[in-house]
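**Student:** This is the content of final_4.tsv (TSV, C-alpha atoms):
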chain	number	residue	atom	x	y	z
A	1	MET	CA	-34.96	17.53	4.36
A	2	THR	CA	-32.86	14.37	4.68
A	3	ARG	CA	-29.95	14.83	7.06
A	4	ARG	CA	-26.41	14.15	5.91
A	5	ILE	CA	-24.14	12.09	8.15
A	6	VAL	CA	-20.54	11.74	7.02
A	7	VAL	CA	-18.19	9.23	8.62
A	8	VAL	CA	-14.45	9.77	8.21
A	9	GLY	CA	-12.46	6.56	8.57
A	10	ALA	CA	-13.47	2.93	7.93
A	11	GLY	CA	-11.58	1.16	10.66
A	12	TYR	CA	-13.21	-0.93	13.35
A	13	THR	CA	-15.27	1.97	14.74
A	14	GLY	CA	-15.94	3.98	11.60
A	15	LEU	CA	-17.27	1.12	9.50
A	16	ALA	CA	-19.59	-0.01	12.27
A	17	ALA	CA	-20.75	3.56	12.90
A	18	ALA	CA	-21.61	4.12	9.24
A	19	LYS	CA	-23.70	0.98	9.07
A	20	LEU	CA	-25.44	1.74	12.36
A	21	ALA	CA	-26.16	5.33	11.33
A	22	ALA	CA	-27.76	4.15	8.09
A	23	ARG	CA	-29.86	1.64	10.02
A	24	TRP	CA	-30.88	3.77	13.01
A	25	THR	CA	-31.19	7.36	11.76
A	26	GLY	CA	-32.74	7.35	8.30
A	27	ALA	CA	-30.09	9.87	7.24
A	28	ARG	CA	-28.07	9.84	4.03
A	29	VAL	CA	-24.76	8.32	5.15
A	30	THR	CA	-21.42	8.75	3.39
A	31	LEU	CA	-18.30	6.86	4.48
A	32	ILE	CA	-14.92	8.31	3.43
A	33	ASN	CA	-11.79	6.18	3.66
A	34	ALA	CA	-8.34	6.39	2.10
A	35	THR	CA	-8.46	2.78	0.80
A	36	ASP	CA	-11.17	0.47	-0.49
A	37	ARG	CA	-10.25	-2.36	1.90
A	38	PHE	CA	-10.98	-3.01	5.56
A	39	VAL	CA	-7.74	-3.64	7.45
A	40	GLU	CA	-7.68	-6.12	10.32
A	41	ARG	CA	-5.22	-4.05	12.29
A	42	VAL	CA	-5.13	-6.48	15.20
A	43	ARG	CA	-3.72	-9.12	12.81
A	44	LEU	CA	-0.93	-7.07	11.23
A	45	HIS	CA	1.74	-8.83	13.28
A	46	GLU	CA	0.52	-12.06	11.67
A	47	LEU	CA	0.86	-10.51	8.21
A	48	VAL	CA	4.44	-9.49	9.02
A	49	ALA	CA	5.24	-13.05	10.11
A	50	GLY	CA	4.13	-14.42	6.74
A	51	ARG	CA	0.48	-15.27	7.19
A	52	ARG	CA	-2.01	-14.31	4.51
A	53	LEU	CA	-4.92	-12.24	5.76
A	54	ARG	CA	-8.37	-12.40	4.22
A	55	ASP	CA	-9.34	-9.78	1.64
A	56	LEU	CA	-12.18	-7.61	2.94
A	57	PRO	CA	-13.43	-5.09	0.34
A	58	LEU	CA	-15.43	-2.31	1.95
A	59	SER	CA	-17.95	-2.54	-0.88
A	60	ASP	CA	-18.77	-6.09	0.22
A	61	LEU	CA	-19.06	-5.13	3.89
A	62	LEU	CA	-21.38	-2.23	2.97
A	63	LYS	CA	-23.54	-4.14	0.50
A	64	GLY	CA	-27.24	-3.57	1.09
A	65	THR	CA	-26.74	-0.85	3.74
A	66	GLY	CA	-27.32	2.21	1.56
A	67	VAL	CA	-24.04	3.75	2.74
A	68	GLU	CA	-22.18	5.67	0.02
A	69	LEU	CA	-18.46	4.83	-0.02
A	70	VAL	CA	-15.98	7.50	-1.11
A	71	VAL	CA	-12.41	6.23	-1.48
A	72	ASP	CA	-10.29	9.29	-0.76
A	73	ARG	CA	-8.39	11.02	2.01
A	74	VAL	CA	-9.84	13.95	3.94
A	75	THR	CA	-7.28	16.75	4.06
A	76	ASP	CA	-9.23	19.51	5.83
A	77	ILE	CA	-12.41	20.08	7.79
A	78	ASP	CA	-14.18	23.45	7.64
A	79	ALA	CA	-16.11	23.33	10.89
A	80	GLN	CA	-18.00	26.57	10.23
A	81	ALA	CA	-19.17	25.60	6.75
A	82	ARG	CA	-19.47	21.92	7.75
A	83	THR	CA	-17.58	20.72	4.70
A	84	LEU	CA	-14.68	18.33	4.06
A	85	GLN	CA	-11.86	18.77	1.55
A	86	LEU	CA	-10.57	15.67	-0.25
A	87	ALA	CA	-7.05	14.91	-1.46
A	88	ASN	CA	-7.91	13.58	-4.91
A	89	SER	CA	-11.06	15.47	-5.80
A	90	ALA	CA	-12.17	19.08	-6.05
A	91	ARG	CA	-15.49	17.95	-4.61
A	92	GLU	CA	-16.44	19.32	-1.19
A	93	VAL	CA	-18.43	16.95	0.99
A	94	GLY	CA	-20.97	18.66	3.20
A	95	TYR	CA	-22.40	17.28	6.42
A	96	ASP	CA	-25.03	18.00	9.02
A	97	HIS	CA	-23.41	15.55	11.43
A	98	LEU	CA	-19.84	14.32	11.28
A	99	ILE	CA	-18.63	11.04	12.80
A	100	TYR	CA	-14.88	11.41	13.25
A	101	ALA	CA	-13.20	7.98	13.30
A	102	VAL	CA	-9.78	8.62	11.77
A	103	GLY	CA	-7.94	6.20	14.05
A	104	SER	CA	-4.24	6.54	14.89
A	105	VAL	CA	-0.83	6.11	13.29
A	106	ALA	CA	2.59	5.15	14.60
A	107	ALA	CA	4.37	7.83	16.64
A	108	VAL	CA	7.71	7.64	14.86
A	109	THR	CA	8.78	11.25	15.35
A	110	SER	CA	9.45	11.18	19.09
A	111	VAL	CA	13.02	9.84	18.84
A	112	PRO	CA	15.70	10.89	16.34
A	113	GLY	CA	16.09	8.44	13.48
A	114	ALA	CA	12.89	6.49	14.11
A	115	ALA	CA	11.03	7.96	11.13
A	116	GLU	CA	13.99	7.30	8.82
A	117	HIS	CA	15.17	3.89	10.00
A	118	ALA	CA	12.37	2.12	11.91
A	119	PHE	CA	9.38	0.17	10.62
A	120	SER	CA	5.91	0.33	12.16
A	121	LEU	CA	2.82	-1.85	12.33
A	122	ALA	CA	0.18	0.84	12.00
A	123	SER	CA	-1.12	0.02	8.50
A	124	ASN	CA	-1.32	-2.79	5.99
A	125	ASP	CA	1.34	-1.14	3.82
A	126	ASP	CA	3.61	-0.74	6.86
A	127	ALA	CA	3.28	-4.44	7.63
A	128	LEU	CA	4.06	-5.49	4.06
A	129	ARG	CA	7.17	-3.29	3.94
A	130	LEU	CA	8.36	-4.78	7.22
A	131	ARG	CA	7.74	-8.34	6.02
A	132	GLN	CA	9.83	-7.69	2.93
A	133	ARG	CA	12.64	-6.23	5.05
A	134	LEU	CA	12.65	-9.17	7.47
A	135	ALA	CA	13.33	-11.59	4.62
A	136	GLU	CA	16.82	-10.06	4.51
A	137	SER	CA	17.36	-9.69	8.28
A	138	GLU	CA	19.09	-11.77	10.91
A	139	VAL	CA	18.42	-9.59	13.97
A	140	VAL	CA	15.30	-7.54	14.70
A	141	ALA	CA	14.77	-5.17	17.62
A	142	VAL	CA	11.16	-4.52	18.62
A	143	VAL	CA	10.92	-1.25	20.55
A	144	GLY	CA	7.99	-1.01	22.96
A	145	GLY	CA	6.64	-3.43	25.52
A	146	GLY	CA	2.96	-2.70	25.04
A	147	LEU	CA	0.53	-5.18	23.56
A	148	THR	CA	1.60	-4.47	19.97
A	149	GLY	CA	5.28	-4.95	20.76
A	150	ILE	CA	4.70	-8.11	22.77
A	151	GLU	CA	2.55	-9.69	20.05
A	152	ALA	CA	4.99	-8.72	17.30
A	153	ALA	CA	8.04	-10.09	19.13
A	154	ALA	CA	6.36	-13.40	19.94
A	155	GLU	CA	4.92	-13.84	16.44
A	156	LEU	CA	8.23	-13.13	14.72
A	157	ALA	CA	10.21	-15.41	17.02
A	158	GLU	CA	7.81	-18.31	16.57
A	159	ALA	CA	7.47	-17.94	12.80
A	160	ASN	CA	11.21	-17.39	12.18
A	161	PRO	CA	13.30	-19.50	14.60
A	162	ALA	CA	16.52	-18.43	12.84
A	163	LEU	CA	15.70	-14.75	13.41
A	164	LYS	CA	17.17	-13.19	16.55
A	165	VAL	CA	14.42	-11.13	18.20
A	166	ARG	CA	15.13	-8.48	20.83
A	167	LEU	CA	12.42	-6.62	22.73
A	168	ILE	CA	13.35	-3.23	24.18
A	169	ASP	CA	11.03	-1.86	26.87
A	170	LYS	CA	11.47	1.45	28.69
A	171	GLY	CA	9.82	-0.06	31.75
A	172	GLU	CA	9.03	-3.50	33.15
A	173	LEU	CA	7.67	-6.08	30.74
A	174	GLY	CA	3.92	-6.47	31.20
A	175	ALA	CA	3.71	-3.69	33.77
A	176	GLY	CA	-0.09	-3.59	33.54
A	177	LEU	CA	-0.55	-7.32	34.05
A	178	SER	CA	-1.00	-9.46	37.14
A	179	GLN	CA	1.96	-11.39	38.56
A	180	ARG	CA	0.70	-14.56	36.90
A	181	GLY	CA	0.45	-12.72	33.61
A	182	LYS	CA	3.98	-11.35	33.88
A	183	LYS	CA	5.38	-14.78	34.70
A	184	HIS	CA	3.71	-16.32	31.69
A	185	LEU	CA	5.12	-13.65	29.41
A	186	ARG	CA	8.64	-14.28	30.67
A	187	ARG	CA	8.31	-18.04	30.32
A	188	THR	CA	6.99	-17.64	26.80
A	189	PHE	CA	9.75	-15.28	25.72
A	190	ALA	CA	12.36	-17.60	27.21
A	191	ARG	CA	10.85	-20.52	25.28
A	192	LEU	CA	10.83	-18.53	22.04
A	193	GLY	CA	14.33	-17.18	22.57
A	194	VAL	CA	13.28	-13.51	22.68
A	195	GLU	CA	15.98	-11.39	24.31
A	196	LEU	CA	14.59	-8.80	26.75
A	197	ARG	CA	16.04	-5.39	27.56
A	198	GLU	CA	13.91	-3.76	30.26
A	199	ASN	CA	14.09	-0.27	31.77
A	200	ALA	CA	15.89	0.76	28.62
A	201	GLY	CA	14.82	3.99	26.96
A	202	VAL	CA	15.80	4.57	23.34
A	203	SER	CA	17.53	7.85	22.46
A	204	GLU	CA	18.24	7.24	18.77
A	205	VAL	CA	17.51	4.82	15.94
A	206	ARG	CA	20.32	4.15	13.47
A	207	PRO	CA	20.64	1.98	10.36
A	208	ASP	CA	22.54	-0.59	12.41
A	209	GLY	CA	20.25	-0.63	15.45
A	210	LEU	CA	19.51	1.47	18.52
A	211	VAL	CA	21.27	3.76	20.94
A	212	LEU	CA	19.86	3.51	24.45
A	213	ALA	CA	19.53	6.35	26.93
A	214	ASP	CA	22.61	5.11	28.80
A	215	GLY	CA	24.66	5.20	25.59
A	216	ALA	CA	24.65	1.45	24.95
A	217	HIS	CA	24.25	0.21	21.38
A	218	VAL	CA	21.79	-2.56	20.51
A	219	ALA	CA	22.64	-4.09	17.15
A	220	ALA	CA	19.80	-4.90	14.75
A	221	ASP	CA	19.31	-5.21	11.01
A	222	THR	CA	15.70	-4.10	11.44
A	223	VAL	CA	13.98	-1.96	14.07
A	224	VAL	CA	10.23	-2.32	14.66
A	225	TRP	CA	8.74	0.76	16.34
A	226	THR	CA	5.66	0.12	18.50
A	227	VAL	CA	6.11	2.91	21.05
A	228	GLY	CA	2.78	4.66	21.18
A	229	PHE	CA	0.44	6.00	18.55
A	230	ARG	CA	-0.56	9.50	17.53
A	231	VAL	CA	-3.73	10.75	15.87
A	232	PRO	CA	-3.96	12.87	12.70
A	233	ASP	CA	-4.13	16.63	13.27
A	234	LEU	CA	-7.37	17.12	11.30
A	235	ALA	CA	-9.45	17.86	14.39
A	236	GLU	CA	-6.94	20.27	15.87
A	237	ARG	CA	-6.62	22.21	12.60
A	238	ALA	CA	-10.41	22.35	12.33
A	239	GLY	CA	-10.63	24.05	15.72
A	240	PHE	CA	-12.24	21.19	17.65
A	241	ALA	CA	-11.39	20.97	21.33
A	242	VAL	CA	-8.60	18.39	21.64
A	243	ASP	CA	-6.40	17.05	24.40
A	244	GLY	CA	-2.61	17.14	24.48
A	245	SER	CA	-2.45	14.21	22.08
A	246	GLY	CA	-4.76	15.79	19.51
A	247	ARG	CA	-7.72	13.57	20.33
A	248	VAL	CA	-11.19	15.11	20.29
A	249	ILE	CA	-12.50	15.76	23.79
A	250	VAL	CA	-15.98	14.28	24.02
A	251	ASP	CA	-18.90	14.04	26.45
A	252	GLU	CA	-20.72	10.87	27.52
A	253	GLU	CA	-22.43	10.69	24.13
A	254	PHE	CA	-19.05	10.96	22.37
A	255	ARG	CA	-19.99	14.40	21.04
A	256	SER	CA	-17.26	17.01	20.71
A	257	ILE	CA	-17.53	19.40	23.65
A	258	SER	CA	-16.83	22.32	21.31
A	259	HIS	CA	-18.75	21.16	18.23
A	260	PRO	CA	-21.76	19.02	19.25
A	261	GLU	CA	-22.56	18.21	15.61
A	262	VAL	CA	-19.36	16.16	15.63
A	263	THR	CA	-19.22	12.67	17.14
A	264	ALA	CA	-15.73	11.28	17.73
A	265	ILE	CA	-15.08	7.59	18.32
A	266	GLY	CA	-12.19	5.15	18.42
A	267	ASP	CA	-8.55	6.09	18.90
A	268	ALA	CA	-9.14	9.71	17.86
A	269	ALA	CA	-11.58	10.36	20.73
A	270	ALA	CA	-10.63	11.23	24.30
A	271	GLY	CA	-13.49	9.54	26.12
A	272	ARG	CA	-13.77	9.04	29.85
A	273	MET	CA	-15.75	6.95	32.29
A	274	ARG	CA	-17.87	8.69	34.90
A	275	THR	CA	-15.04	8.14	37.33
A	276	GLY	CA	-12.83	10.30	35.12
A	277	GLN	CA	-10.69	7.40	33.92
A	278	GLU	CA	-9.62	7.78	30.30
A	279	LEU	CA	-10.76	5.03	27.93
A	280	ARG	CA	-7.80	3.29	26.32
A	281	MET	CA	-7.17	2.87	22.61
A	282	ALA	CA	-8.46	-0.62	21.83
A	283	CYS	CA	-11.18	-2.55	20.04
A	284	ALA	CA	-12.53	-3.30	23.51
A	285	THR	CA	-13.29	0.42	23.76
A	286	GLY	CA	-14.04	1.27	20.15
A	287	LEU	CA	-16.65	-1.34	19.26
A	288	PRO	CA	-19.09	-0.76	22.13
A	289	SER	CA	-18.50	3.01	22.12
A	290	SER	CA	-19.39	3.20	18.42
A	291	GLN	CA	-22.73	1.58	19.21
A	292	HIS	CA	-23.35	3.93	22.12
A	293	ALA	CA	-22.37	7.04	20.16
A	294	VAL	CA	-24.57	6.30	17.14
A	295	ARG	CA	-27.49	5.29	19.33
A	296	ALA	CA	-27.14	8.60	21.19
A	297	LEU	CA	-27.06	10.49	17.88
A	298	ALA	CA	-30.15	8.65	16.65
A	299	ASP	CA	-31.95	9.45	19.91
A	300	ARG	CA	-31.08	13.15	19.62
A	301	LEU	CA	-32.34	13.28	16.04
A	302	THR	CA	-35.72	11.90	17.11
A	303	GLY	CA	-36.05	14.01	20.26
A	304	ARG	CA	-35.32	11.23	22.74
A	305	GLN	CA	-32.96	11.53	25.69
A	306	PRO	CA	-29.91	9.30	25.13
A	307	ARG	CA	-29.07	6.68	27.71
A	308	PRO	CA	-26.19	7.40	30.08
A	309	LEU	CA	-22.80	5.90	29.32
A	310	ARG	CA	-22.15	2.63	31.12
A	311	PHE	CA	-18.83	1.03	30.39
A	312	ARG	CA	-16.67	-1.74	31.79
A	313	TYR	CA	-13.64	-3.68	30.66
A	314	LEU	CA	-13.55	-7.49	30.82
A	315	ASN	CA	-10.09	-8.63	29.72
A	316	GLN	CA	-6.99	-7.95	27.68
A	317	CYS	CA	-6.10	-10.56	25.06
A	318	ILE	CA	-2.48	-10.94	23.93
A	319	SER	CA	-1.48	-13.40	21.23
A	320	LEU	CA	1.91	-15.07	21.74
A	321	GLY	CA	2.30	-16.79	18.40
A	322	ARG	CA	-0.22	-19.20	16.93
A	323	LYS	CA	-0.28	-21.75	19.77
A	324	ASP	CA	-0.13	-19.59	22.88
A	325	ALA	CA	-1.76	-16.45	24.24
A	326	LEU	CA	-2.44	-14.62	27.46
A	327	VAL	CA	-5.92	-13.54	28.48
A	328	GLN	CA	-5.62	-11.17	31.41
A	329	PHE	CA	-8.95	-10.75	33.17
A	330	VAL	CA	-9.48	-7.25	34.54
A	331	HIS	CA	-11.74	-5.30	36.84
A	332	ARG	CA	-14.27	-2.97	35.26
A	333	ASP	CA	-11.74	-0.11	35.47
A	334	ASP	CA	-9.17	-2.18	33.48
A	335	THR	CA	-6.90	-2.94	36.45
A	336	PRO	CA	-5.75	-6.59	36.41
A	337	ARG	CA	-7.28	-9.41	38.36
A	338	GLU	CA	-4.94	-12.20	39.30
A	339	ALA	CA	-6.87	-14.60	37.07
A	340	VAL	CA	-5.42	-15.38	33.65
A	341	LEU	CA	-5.94	-17.90	30.87
A	342	THR	CA	-2.86	-19.13	29.02
A	343	GLY	CA	-1.67	-21.65	26.45
A	344	ARG	CA	-3.71	-23.24	23.71
A	345	LYS	CA	-7.07	-22.40	25.30
A	346	ALA	CA	-6.07	-18.75	25.49
A	347	ALA	CA	-4.96	-18.82	21.83
A	348	LEU	CA	-8.36	-20.18	20.80
A	349	TYR	CA	-10.07	-17.56	22.98
A	350	LYS	CA	-8.06	-14.75	21.38
A	351	GLU	CA	-8.75	-16.09	17.89
A	352	ALA	CA	-12.47	-16.19	18.66
A	353	ILE	CA	-12.34	-12.56	19.80
A	354	VAL	CA	-10.53	-11.48	16.63
A	355	ARG	CA	-12.93	-13.39	14.39
A	356	GLY	CA	-15.76	-11.86	16.38
A	357	THR	CA	-14.69	-8.36	15.40
A	358	ILE	CA	-15.36	-9.17	11.74
A	359	ILE	CA	-18.70	-10.70	12.62
A	360	PHE	CA	-19.44	-7.45	14.45
A	361	GLU	CA	-18.45	-5.38	11.41
A	362	ARG	CA	-20.85	-7.40	9.29
A	363	HIS	CA	-23.61	-7.17	11.91
A	364	PRO	CA	-22.83	-4.18	14.18
A	365	THR	CA	-26.13	-4.40	16.06
A	366	ILE	CA	-24.76	-7.42	17.94
A	367	PRO	CA	-24.76	-6.46	21.65
A	368	THR	CA	-21.38	-5.58	23.18
A	369	SER	CA	-20.15	-5.12	26.72
A	370	LEU	CA	-21.04	-1.41	26.92
Would you mind writing the file out in structure tokens?
**Tutor:**
Amino acid sequence: MTRRIVVVGAGYTGLAAAKLAARWTGARVTLINATDRFVERVRLHELVAGRRLRDLPLSDLLKGTGVELVVDRVTDIDAQARTLQLANSAREVGYDHLIYAVGSVAAVTSVPGAAEHAFSLASNDDALRLRQRLAESEVVAVVGGGLTGIEAAAELAEANPALKVRLIDKGELGAGLSQRGKKHLRRTFARLGVELRENAGVSEVRPDGLVLADGAHVAADTVVWTVGFRVPDLAERAGFAVDGSGRVIVDEEFRSISHPEVTAIGDAAAGRMRTGQELRMACATGLPSSQHAVRALADRLTGRQPRPLRFRYLNQCISLGRKDALVQFVHRDDTPREAVLTGRKAALYKEAIVRGTIIFERHPTIPTSL
């Protein structure tokens, strides 16, 4: 009997996993996604700043693969019956093996007022709503000094010189970067006119801006919330073993430790290196891990022993507008080296990486750094 593999989520990891599963396993593969388009999430700050992103229909990206596309949202997983409930159909989708790649969404519930008054960059619709709002704004406060916040602040300041951009960070800007990397960030933000507020926690978001932990008010017409991401609670409600963030706890093959018929990849998986270090949410993790996970599943289905997980990080790439970027080279455990690449060369490097992700989605057998 032909096995049924169902993939939930068609982001960077899920789309690649579906295509690889169809190619490597001989199973009947179904891909379920809430929309019929692939979203270049790493470019959403560009969309907010006014750039037009390419249209990427999933049907085109799946052409010739044999993968069945179901455009719908999974609302529940019955782990015992191995079935999925859909939002817009009475149809139940059964599976023998589930690849769980639901990604992550903005964590806008951690601070009072954020859900009501802040805008996020977690989806294409979020980015379009924010772009529309910015057309009527004079001051924007970007909350969060991670990579998403840094890229958004730089992109908005470069694209809209008349817009006052403020970046609010609860810690030190670029805390995970080398000294050279931190210095370049500060020089860039000074050049772009981005106002920095460091070591400033946010206690409330209001229609007219932010209230900081020390009681100070930061005025803003628009607040952009980039402080962390959370994962959907599908796995937790299904009874899968999850960590404190709701991510599926997996072994070296990215199988759920409680439900081995489930493979979890991408942001919704809590994977670790052999050293115990947690793998971060990033394309740099998701793309190679999707290859490893599906190859391990294919090996199991044919009675072969999967290869052990070998993983290393190479760099972190941060766009700083269209003409500048920062490439922070890292050790295999993701700690920063002192070496960086900056300026126009770094911008071209980052653009090549981003374009490469789409090439990978079209041809996911391309070797990665895993």
**Student:** Rounded to one decimal in Å, what is the spacing between CA of Arg4 in chain A and CA of Ala27 in chain A?
**Tutor:**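 Between these atoms lies a distance of 5.8 Å.
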**Student:** Counting all atoms listed in the file, which residue out of A:Pro232, A:Ala298, A:Pro364, A:Glu116 sits closest to Asp76 in chain A?
**Tutor:**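 Closest residue, counting all atoms listed in the file: A:Pro232.
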**Student:** Please identify all polymer residues lying at most 10 Å from the point (6.4, -8.3, 5.8) (file coordinates), using all atoms listed in the file, and present the result as a PyMOL selection string.
**Tutor:** chain A and resi 44-51+121+124-135
**Student:** At a cut-off of 10 Å, using all atoms listed in the file, what residues contact range 274-283 of chain A? Leave out same-chain residues fewer than 6 positions from it and give the result as a PyMOL selection string.
**Tutor:** chain A and resi 12-13+41-42+103-104+229+252+266-268+289+308-313+316+333-334+354+357
**Student:** Restricting the calculation to only C-alpha atoms: of A:His292, A:Arg304, A:Lys63, A:Arg82, which residue gets closest to Asp251 in chain A?
**Tutor:**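 Smallest distance to Asp251 in chain A is found for A:His292.
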**Student:** Tell me which protein, DNA and RNA residues are within 9 Å of Val74 in chain A, counting all atoms listed in the file, leaving out same-chain ones fewer than 6 positions away, and put them as a PyMOL selection string.
**Tutor:** chain A and resi 8+32-34+84-87+234
**Student:** Where does range 93-133 of chain A meet range 141-146 of chain A within 12 Å, residue by residue, with the nearest atom pair and distance in Å to one decimal for each, counting all atoms listed in the file, listed by chain and rising number, as a Markdown table?
**Tutor:**
| residue | atom | partner | partner_atom | distance |
| --- | --- | --- | --- | --- |
| A:Ala106 | CA | A:Gly144 | CA | 11.7 |
| A:Ala107 | CA | A:Gly144 | CA | 11.5 |
| A:Val108 | CA | A:Val143 | CA | 11.0 |
| A:Val111 | CA | A:Val143 | CA | 11.4 |
| A:Ala114 | CA | A:Val143 | CA | 10.3 |
| A:His117 | CA | A:Ala141 | CA | 11.8 |
| A:Ala118 | CA | A:Val143 | CA | 9.4 |
| A:Phe119 | CA | A:Val142 | CA | 9.4 |
| A:Ser120 | CA | A:Val142 | CA | 9.6 |
| A:Leu121 | CA | A:Val142 | CA | 10.8 |
| A:Leu130 | CA | A:Val142 | CA | 11.7 |
**Student:** I need the chosen residues saved as an mmCIF file, keeping the file's coordinate frame, with C-alpha atoms.
**Tutor:**
data_model
loop_
_atom_site.group_PDB
_atom_site.id
_atom_site.type_symbol
_atom_site.label_atom_id
_atom_site.label_comp_id
_atom_site.auth_asym_id
_atom_site.auth_seq_id
_atom_site.Cartn_x
_atom_site.Cartn_y
_atom_site.Cartn_z
ATOM 1 C CA ALA A 106 2.590 5.150 14.600
ATOM 2 C CA ALA A 107 4.370 7.830 16.640
ATOM 3 C CA VAL A 108 7.710 7.640 14.860
ATOM 4 C CA VAL A 111 13.020 9.840 18.840
ATOM 5 C CA ALA A 114 12.890 6.490 14.110
ATOM 6 C CA HIS A 117 15.170 3.890 10.000
ATOM 7 C CA ALA A 118 12.370 2.120 11.910
ATOM 8 C CA PHE A 119 9.380 0.170 10.620
ATOM 9 C CA SER A 120 5.910 0.330 12.160
ATOM 10 C CA LEU A 121 2.820 -1.850 12.330
ATOM 11 C CA LEU A 130 8.360 -4.780 7.220
#
**Student:** So, counting all atoms listed in the file, which residue among A:Lys350, A:Ser256, A:Gly9, A:Thr30 is closest to Arg322 in chain A?
**Tutor:**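 Closest to Arg322 in chain A of all the choices is A:Lys350.
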**Student:** Between CA of Glu92 in chain A and CA of Val250 in chain A, what distance in Å does the model show, to one decimal?
**Tutor:**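 Going from CA of Glu92 in chain A over to CA of Val250 in chain A covers 25.7 Å.
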**Student:** Around range 266-279 of chain A, fit a box with edges along x, y and z, padding it by 3 Å on each side, then list its centre and edge lengths in Å to one decimal as lines of an AutoDock Vina configuration file.
**Tutor:**
center_x = -13.2
center_y = 8.1
center_z = 27.6
size_x = 15.3
size_y = 12.2
size_z = 25.5
**Student:** Which of these, A:Val224, A:Ala352, A:His97, A:Gly176, has the shortest distance to Arg300 in chain A once you count all atoms listed in the file?
**Tutor:**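 Closest residue, counting all atoms listed in the file: A:His97.
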**Student:** For each of A:Ala190, A:Ile318, A:Ala152, A:Val67, take the minimum atom-to-atom distance to Ala17 in chain A, counting all atoms listed in the file, then give the residue where this is smallest.
**Tutor:**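 Among the listed residues, the smallest separation from Ala17 in chain A belongs to A:Val67.
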**Student:** Identify which of the residues A:Arg37, A:Arg344, A:Lys182, A:Arg362 lies closest to Ser319 in chain A, counting all atoms listed in the file when measuring atom-to-atom distances.
**Tutor:**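 Smallest distance to Ser319 in chain A is found for A:Arg344.
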**Student:** Interatomic distance between CA of Leu192 in chain A and CA of Gly321 in chain A?
**Tutor:** 9.4 Å
**Student:** Please list as a list in words every residue within 7 Å of Val140 in chain A, counting only C-alpha atoms and excluding residues in the same chain fewer than 4 positions away.
**Tutor:**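 Returned residues: Lys164, Val165, Arg166, Ala220, Asp221, Thr222 and Val223 of chain A.
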**Student:** Give as number ranges by chain each residue that has an atom at most 9 Å from (-29.8, 13.3, 15.4) in the file, counting only C-alpha atoms.
**Tutor:** A: 3, 25, 27, 97, 261, 294, 296-303
**Student:** Any chance you can output those residues with C-alpha atoms as a PDB file, in the coordinates of the input?
**Tutor:**
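New file part_12.pdb:
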ATOM      1  CA  ARG A   3     -29.950  14.830   7.060  1.00  0.00           C
ATOM      2  CA  THR A  25     -31.190   7.360  11.760  1.00  0.00           C
ATOM      3  CA  ALA A  27     -30.090   9.870   7.240  1.00  0.00           C
ATOM      4  CA  HIS A  97     -23.410  15.550  11.430  1.00  0.00           C
ATOM      5  CA  GLU A 261     -22.560  18.210  15.610  1.00  0.00           C
ATOM      6  CA  VAL A 294     -24.570   6.300  17.140  1.00  0.00           C
ATOM      7  CA  ALA A 296     -27.140   8.600  21.190  1.00  0.00           C
ATOM      8  CA  LEU A 297     -27.060  10.490  17.880  1.00  0.00           C
ATOM      9  CA  ALA A 298     -30.150   8.650  16.650  1.00  0.00           C
ATOM     10  CA  ASP A 299     -31.950   9.450  19.910  1.00  0.00           C
ATOM     11  CA  ARG A 300     -31.080  13.150  19.620  1.00  0.00           C
ATOM     12  CA  LEU A 301     -32.340  13.280  16.040  1.00  0.00           C
ATOM     13  CA  THR A 302     -35.720  11.900  17.110  1.00  0.00           C
ATOM     14  CA  GLY A 303     -36.050  14.010  20.260  1.00  0.00           C
TER      15      GLY A 303
END
**Student:** Pick out the residues sitting within 7 Å of Ile99 in chain A, and hand them over as an mmCIF file with C-alpha atoms, in the coordinates of the input; count only C-alpha atoms, and ignore anything fewer than 4 positions along from it in its own chain.
**Tutor:**
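Result file follows (selection_33.cif):
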data_model
loop_
_atom_site.group_PDB
_atom_site.id
_atom_site.type_symbol
_atom_site.label_atom_id
_atom_site.label_comp_id
_atom_site.auth_asym_id
_atom_site.auth_seq_id
_atom_site.Cartn_x
_atom_site.Cartn_y
_atom_site.Cartn_z
ATOM 1 C CA VAL A 6 -20.540 11.740 7.020
ATOM 2 C CA VAL A 7 -18.190 9.230 8.620
ATOM 3 C CA VAL A 8 -14.450 9.770 8.210
ATOM 4 C CA VAL A 262 -19.360 16.160 15.630
ATOM 5 C CA THR A 263 -19.220 12.670 17.140
ATOM 6 C CA ALA A 264 -15.730 11.280 17.730
#
**Student:** Which residues, written as a CSV table (one decimal) with C-alpha atoms, keeping the file's coordinate frame, have at least one atom at most 10 Å from His184 in chain A, with all atoms listed in the file counted and residues fewer than 3 positions away on the same chain left out?
**Tutor:**
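Saved the output as selection39.csv:
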chain,number,residue,atom,x,y,z
A,174,GLY,CA,3.9,-6.5,31.2
A,178,SER,CA,-1.0,-9.5,37.1
A,179,GLN,CA,2.0,-11.4,38.6
A,180,ARG,CA,0.7,-14.6,36.9
A,181,GLY,CA,0.4,-12.7,33.6
A,187,ARG,CA,8.3,-18.0,30.3
A,188,THR,CA,7.0,-17.6,26.8
A,189,PHE,CA,9.8,-15.3,25.7
A,190,ALA,CA,12.4,-17.6,27.2
A,325,ALA,CA,-1.8,-16.4,24.2
A,326,LEU,CA,-2.4,-14.6,27.5
A,340,VAL,CA,-5.4,-15.4,33.6
A,341,LEU,CA,-5.9,-17.9,30.9
A,342,THR,CA,-2.9,-19.1,29.0
A,343,GLY,CA,-1.7,-21.6,26.4
